[in-house]
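K.L.:
Attaching a single structure in structure tokens format; questions to follow.
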Amino acid sequence: MIKLVGITKKFPGLKKPAVDNLNLEVKEGDVCVLVGPSGCGKTTTMKMINRIHEPTSGSIFINDKDALKMNPIKLRLDIGYVIQEIGLFPHHTIEENVATVPNEKKWPKDKTKQKVDEILTLVGLDPKIYGKRYPSALSGGQRQRVGVARAMVSDPPIMLMDEPFGAVDPITRARLQNEFLRIQERISKTIVFVTHDIDEAIKMGNTIAVMREGKLVQHATPSDLLAAPADEFVASLVGRNRSIKRLHLIRIREILDHLDRPKPATVDMPLNDIRKQLEDSDIRSVMVVDQDNKLKGIIGVNDLKKKAGEVAADYIQELDQSITSDATLNDALSMMLECGEGYVAVINEDDQYQGTITLGDLLNVVKEEG
Amino acid sequence: MVEHFLIFYNNLFSTMANFCMQVTIATPSLFSKVIVYLQRRGDLVWELIIEHFWLVAISIGIAIVISIIIGVTISYKTGLAMTVLTVCQILMTIPSMAMLGFMVPLFGIGFTTGVIALILYSLLPIVRNTYTGIKEISPAIVESAVGMGMTEWRVLTKIKIPLARPVIMAGIRTATVMIVGIAAIAAYVGAGGLGELIFQGISRSNESMIIVGALGVSIIALAFDFILSWGERRLAAIGKTGEASK
């Protein structure tokens, strides 16, 4: 648990305080997103928690212990820290970078090695392939993963993340966000997350703290924030299209089970059978999977009008859009818009078919929720 | 037009022929003089080369330690940086003769005086490169190191100095090559080295002594450059394997 009480930070030479009498409580296992325009003091607030900046006044409690009275080095070793520029050490390999905190804590070699391999695997980087590489040999998205791995390796109960997914392209960002949420579900750290992107805040946060000019404007859950913005400023920040933003709050798997969809066809199924299956519904295409339930592609009604007696495998059209079930409905929507199709196939991590989401499903959700 | 051209060519050829004759006449005698000199006084020359080498090696060794300490200090106290760098700059612009002359009343004549003067000359390149090398490290790298709980000493030794090392080494090489030359002038205050040969050669109008001295200085400069680049590679290798074996 993190508790900020009456925190104020004045930088020398500036009249206005960067952070002004801020009170904030983050419950254990929660992701609290600090959001606001640049210069609102959100990063400063975060950096006071691990005392990169010392507060001018006020107090900070971490699990009821006064952080300002602790040894800053000890405090920081137990707080994971990821910044936007990542700040990987270019002269250290990926392994050495991730082992930074264990080395500072003087862990035994084999424990460090084991934990480093484990955490690299967790963030989706094979330690055998990437461990001995230098950061310059990695892509932006991979570096972000290393940054997150480095912050998590010693299993700190608290993590501070300053726009950790800020420097990558939107598609990679969405994927990293989803992966991170999946990991967070398993490890449930207490996280303070800074971003200027309200969509990211809604997606990542259990609670959102909106800041403006050093003051906390509203601290609420994402759905409360969307339903009842405290003032004009928050309302303008979350924007007019609030119902679309709700799509950020719902994961695909949450609605997938309630959908009534025809079973996918298998590759060796005769076209006639597929036609029969489709004739009863108004659906114009069906997904095709192989014996292992892996998604192979799609077959449209028009293809079925061709010769009878052939099997599905001959007429499969490959799909270039698929999404995992832990993505949000908003991710699904943007993927549909990107591909210009009204549907997107949902798969799991092993490429196995889970279901299909259509534009109509999204409309229904917005209607119900709104 | 054609005439002019021909005249130009004629002139050019005669000048070149003249020059070649002079060289062919002058070279064997000067060359043989140098060889004869080396045969006669080879021991002395070798002794002076060694002396010159140590004069530079000791000076640069001490200068490296002092300069890196100063460079690191001013990287923390940026307010001091301009003053310190300006002082170093001024030290370097003092003509070497004047500097050495100024040293004599303070430290007397001899090897030590030479070393002190050479240290003062090599400060600027190393201090400046240490300072810029550290300052140029991306603030994000330093911030993430501090934020993860590294102590200031660990940040300095594990992150800042290793990352600034190539820039610092460049400064050290500049300083070394420079003071190999200046060390020749240090013979003026009795510091020894190849400068003795050159100064004597000048006063006795003995070309072969001057040539031997000058050649010796270049050989030492090359030797230092070789040693330093070897050391740089070794350092880089130790840096990497040392980290990897952890």
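Residue names in the structure tokens use chain letters A, B, ... in the order shown, residue numbers from 1 in each chain, and ligand numbers from 1 in the order shown.
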Based on only C-alpha atoms, which of the residues in chain A come within 10 Å of chain B? I want them as a ChimeraX atom specification.

P.N.:
/A:47,50-52,72-93,95-96,99-101,103-105,108-110,112-113,132,147,150-151,160

K.L.:
Please identify all polymer residues within 9 Å of Ile49 of chain B, counting only C-alpha atoms, omitting same-chain residues fewer than 5 positions from it, and present them as a list in words.

P.N.:
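Near neighbours after the sequence-gap exclusion: Leu44, Trp54, Gly193, Leu194, Gly213, Gly216, Val217 and Ile220 of chain B.
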
K.L.:
Just write the chosen residues, C-alpha atoms, as a compact mmCIF listing (two decimals), in the first residue's frame.

P.N.:
```
# COMPACT_ATOMS: atom_id res chain seq x y z
CA LEU B 44 73.72 7.06 -25.06
CA TRP B 54 59.84 7.21 -18.40
CA GLY B 193 65.50 12.62 -22.41
CA LEU B 194 66.01 13.02 -26.13
CA GLY B 213 66.71 12.95 -31.38
CA GLY B 216 63.57 8.93 -31.27
CA VAL B 217 60.75 11.25 -30.19
CA ILE B 220 58.31 7.00 -28.55
```

K.L.:
Taking the backbone alone, and naming residues the way the document does, which bits of segment 169-358 of chain A are strand (DSSP E) by DSSP, as a ChimeraX atom specification?

P.N.:
/A:190-195,207-212,215-220,265-266,285-289,295-300,322-324,343-347,353-358

K.L.:
Store the residues picked out above in a file with N, CA and C atoms, as a compact mmCIF listing (two decimals), in the first residue's frame.

P.N.:
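Written output follows (again-v1.txt):
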```txt
# COMPACT_ATOMS: atom_id res chain seq x y z
N THR A 190 1.58 -3.72 -6.52
CA THR A 190 1.02 -2.39 -6.36
C THR A 190 1.78 -1.47 -7.31
N ILE A 191 1.04 -0.88 -8.25
CA ILE A 191 1.73 -0.16 -9.31
C ILE A 191 1.25 1.28 -9.41
N VAL A 192 2.19 2.19 -9.50
CA VAL A 192 1.86 3.57 -9.85
C VAL A 192 2.34 3.78 -11.27
N PHE A 193 1.40 4.13 -12.13
CA PHE A 193 1.64 4.15 -13.57
C PHE A 193 1.37 5.57 -14.06
N VAL A 194 2.31 6.16 -14.75
CA VAL A 194 2.13 7.52 -15.23
C VAL A 194 1.93 7.50 -16.74
N THR A 195 0.94 8.25 -17.20
CA THR A 195 0.75 8.38 -18.65
C THR A 195 0.04 9.69 -18.93
N THR A 207 -7.54 2.16 -10.65
CA THR A 207 -8.03 3.50 -10.33
C THR A 207 -7.24 4.49 -11.18
N ILE A 208 -7.87 5.65 -11.40
CA ILE A 208 -7.21 6.69 -12.17
C ILE A 208 -7.18 7.96 -11.34
N ALA A 209 -5.99 8.55 -11.24
CA ALA A 209 -5.87 9.82 -10.53
C ALA A 209 -5.58 10.89 -11.56
N VAL A 210 -6.55 11.79 -11.77
CA VAL A 210 -6.38 12.85 -12.75
C VAL A 210 -5.72 14.04 -12.07
N MET A 211 -4.64 14.52 -12.63
CA MET A 211 -3.92 15.64 -12.04
C MET A 211 -3.94 16.85 -12.97
N ARG A 212 -3.91 18.03 -12.34
CA ARG A 212 -3.84 19.25 -13.12
C ARG A 212 -3.12 20.30 -12.29
N LYS A 215 -2.24 19.55 -8.75
CA LYS A 215 -3.30 19.15 -7.81
C LYS A 215 -4.02 17.91 -8.32
N LEU A 216 -4.50 17.11 -7.36
CA LEU A 216 -5.29 15.94 -7.72
C LEU A 216 -6.73 16.40 -7.96
N VAL A 217 -7.23 16.14 -9.18
CA VAL A 217 -8.58 16.61 -9.50
C VAL A 217 -9.62 15.54 -9.16
N GLN A 218 -9.32 14.32 -9.54
CA GLN A 218 -10.26 13.24 -9.27
C GLN A 218 -9.51 11.92 -9.18
N HIS A 219 -9.90 11.11 -8.21
CA HIS A 219 -9.31 9.78 -8.09
C HIS A 219 -10.46 8.79 -8.02
N ALA A 220 -10.63 7.99 -9.10
CA ALA A 220 -11.79 7.10 -9.15
C ALA A 220 -11.47 5.91 -10.02
N ALA A 265 -15.68 -24.54 -38.88
CA ALA A 265 -15.54 -25.71 -39.73
C ALA A 265 -14.12 -26.24 -39.61
N THR A 266 -13.96 -27.52 -39.90
CA THR A 266 -12.59 -28.04 -39.92
C THR A 266 -12.13 -28.16 -41.36
N SER A 285 -20.19 -16.14 -43.43
CA SER A 285 -18.88 -16.78 -43.54
C SER A 285 -18.61 -17.56 -42.26
N VAL A 286 -17.65 -18.48 -42.33
CA VAL A 286 -17.35 -19.28 -41.16
C VAL A 286 -15.85 -19.48 -41.07
N MET A 287 -15.35 -19.52 -39.84
CA MET A 287 -13.92 -19.72 -39.62
C MET A 287 -13.59 -21.19 -39.82
N VAL A 288 -12.37 -21.46 -40.27
CA VAL A 288 -11.94 -22.84 -40.48
C VAL A 288 -10.73 -23.12 -39.59
N VAL A 289 -10.79 -24.27 -38.89
CA VAL A 289 -9.68 -24.63 -38.01
C VAL A 289 -9.15 -26.00 -38.42
N LEU A 295 -6.43 -21.84 -35.88
CA LEU A 295 -7.14 -21.08 -36.91
C LEU A 295 -6.41 -21.14 -38.24
N LYS A 296 -7.13 -21.53 -39.29
CA LYS A 296 -6.50 -21.63 -40.60
C LYS A 296 -6.94 -20.50 -41.51
N GLY A 297 -8.18 -20.07 -41.38
CA GLY A 297 -8.67 -19.03 -42.27
C GLY A 297 -10.18 -18.93 -42.23
N ILE A 298 -10.76 -18.40 -43.30
CA ILE A 298 -12.19 -18.16 -43.32
C ILE A 298 -12.75 -18.62 -44.67
N ILE A 299 -14.00 -19.03 -44.64
CA ILE A 299 -14.67 -19.41 -45.90
C ILE A 299 -15.96 -18.61 -46.00
N GLY A 300 -16.20 -17.99 -47.15
CA GLY A 300 -17.39 -17.17 -47.34
C GLY A 300 -18.48 -17.96 -48.05
N SER A 322 -6.27 -11.19 -36.38
CA SER A 322 -6.72 -12.01 -35.27
C SER A 322 -6.22 -11.34 -34.01
N ILE A 323 -6.81 -11.68 -32.88
CA ILE A 323 -6.54 -10.94 -31.66
C ILE A 323 -6.65 -11.91 -30.49
N THR A 324 -5.93 -11.65 -29.42
CA THR A 324 -6.03 -12.57 -28.27
C THR A 324 -7.18 -12.14 -27.37
N TYR A 343 -15.37 -7.98 -38.71
CA TYR A 343 -15.21 -9.04 -37.71
C TYR A 343 -13.72 -9.21 -37.43
N VAL A 344 -13.44 -9.87 -36.35
CA VAL A 344 -12.05 -10.23 -36.07
C VAL A 344 -12.06 -11.57 -35.33
N ALA A 345 -11.14 -12.46 -35.71
CA ALA A 345 -11.08 -13.76 -35.07
C ALA A 345 -10.30 -13.67 -33.77
N VAL A 346 -10.78 -14.39 -32.75
CA VAL A 346 -10.11 -14.37 -31.45
C VAL A 346 -9.37 -15.70 -31.28
N ILE A 347 -8.10 -15.60 -30.92
CA ILE A 347 -7.30 -16.82 -30.72
C ILE A 347 -6.65 -16.74 -29.35
N TYR A 353 -8.30 -21.31 -32.03
CA TYR A 353 -9.48 -20.47 -32.28
C TYR A 353 -10.37 -20.41 -31.04
N GLN A 354 -10.78 -19.21 -30.65
CA GLN A 354 -11.62 -19.05 -29.49
C GLN A 354 -13.02 -18.55 -29.84
N GLY A 355 -13.12 -17.83 -30.94
CA GLY A 355 -14.42 -17.28 -31.30
C GLY A 355 -14.23 -16.11 -32.24
N THR A 356 -15.32 -15.44 -32.56
CA THR A 356 -15.25 -14.31 -33.47
C THR A 356 -16.03 -13.15 -32.86
N ILE A 357 -15.49 -11.97 -33.01
CA ILE A 357 -16.17 -10.76 -32.54
C ILE A 357 -16.54 -9.95 -33.77
N THR A 358 -17.78 -9.46 -33.82
CA THR A 358 -18.18 -8.63 -34.95
C THR A 358 -18.50 -7.23 -34.49
```

K.L.:
In Å, how far is it from atom CA of Met161 of chain A to atom CA of Asn63 of chain A?

P.N.:
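It comes out at 18.8 Å.
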
K.L.:
Could you state the separation of atom CA of Ala175 of chain B and atom CA of Ile210 of chain B in Å, given to one decimal place?

P.N.:
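Taking atom CA of Ala175 of chain B and atom CA of Ile210 of chain B, their separation equals 23.9 Å.
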
K.L.:
List as a short mmCIF file (atom, residue, chain, number, x, y, z; two decimals) with C-alpha atoms, in the first residue's frame the protein and nucleic acid residues near Glu338 of chain A, meaning an atom at most 12 Å away when only C-alpha atoms are counted, but skip any in the same chain fewer than 6 places from it.

P.N.:
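out13.cif, freshly written:
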```
data_model
loop_
_atom_site.label_atom_id
_atom_site.label_comp_id
_atom_site.auth_asym_id
_atom_site.auth_seq_id
_atom_site.Cartn_x
_atom_site.Cartn_y
_atom_site.Cartn_z
CA ILE A 171 0.30 -1.86 -32.36
CA ASP A 320 -4.69 -11.20 -41.58
CA GLN A 321 -6.54 -10.10 -38.50
CA SER A 322 -6.72 -12.01 -35.27
CA ASP A 331 -8.33 -3.20 -29.61
CA ALA A 332 -10.78 -5.38 -31.51
CA VAL A 344 -12.05 -10.23 -36.07
#
```

K.L.:
Within 12 Å of Val104 of chain B, counting only C-alpha atoms, which residues show up once you throw out same-chain ones fewer than 2 positions away? Write them as a list in words, please.

P.N.:
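Listed by chain and then number, they are Met97, Ala98, Met99, Leu100, Gly101, Phe102, Leu106, Phe107, Gly108, Ile109, Gly110, Phe111, Thr112, Thr113, Gly114, Ile116, Ala117, Ala186, Tyr188, Val189, Gly190 and Ala191 of chain B.
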
K.L.:
To one decimal in Å, tell me the separation between atom CA of Asp351 of chain A and atom CA of Arg253 of chain A.

P.N.:
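Here the two named atoms are 15.1 Å from each other.
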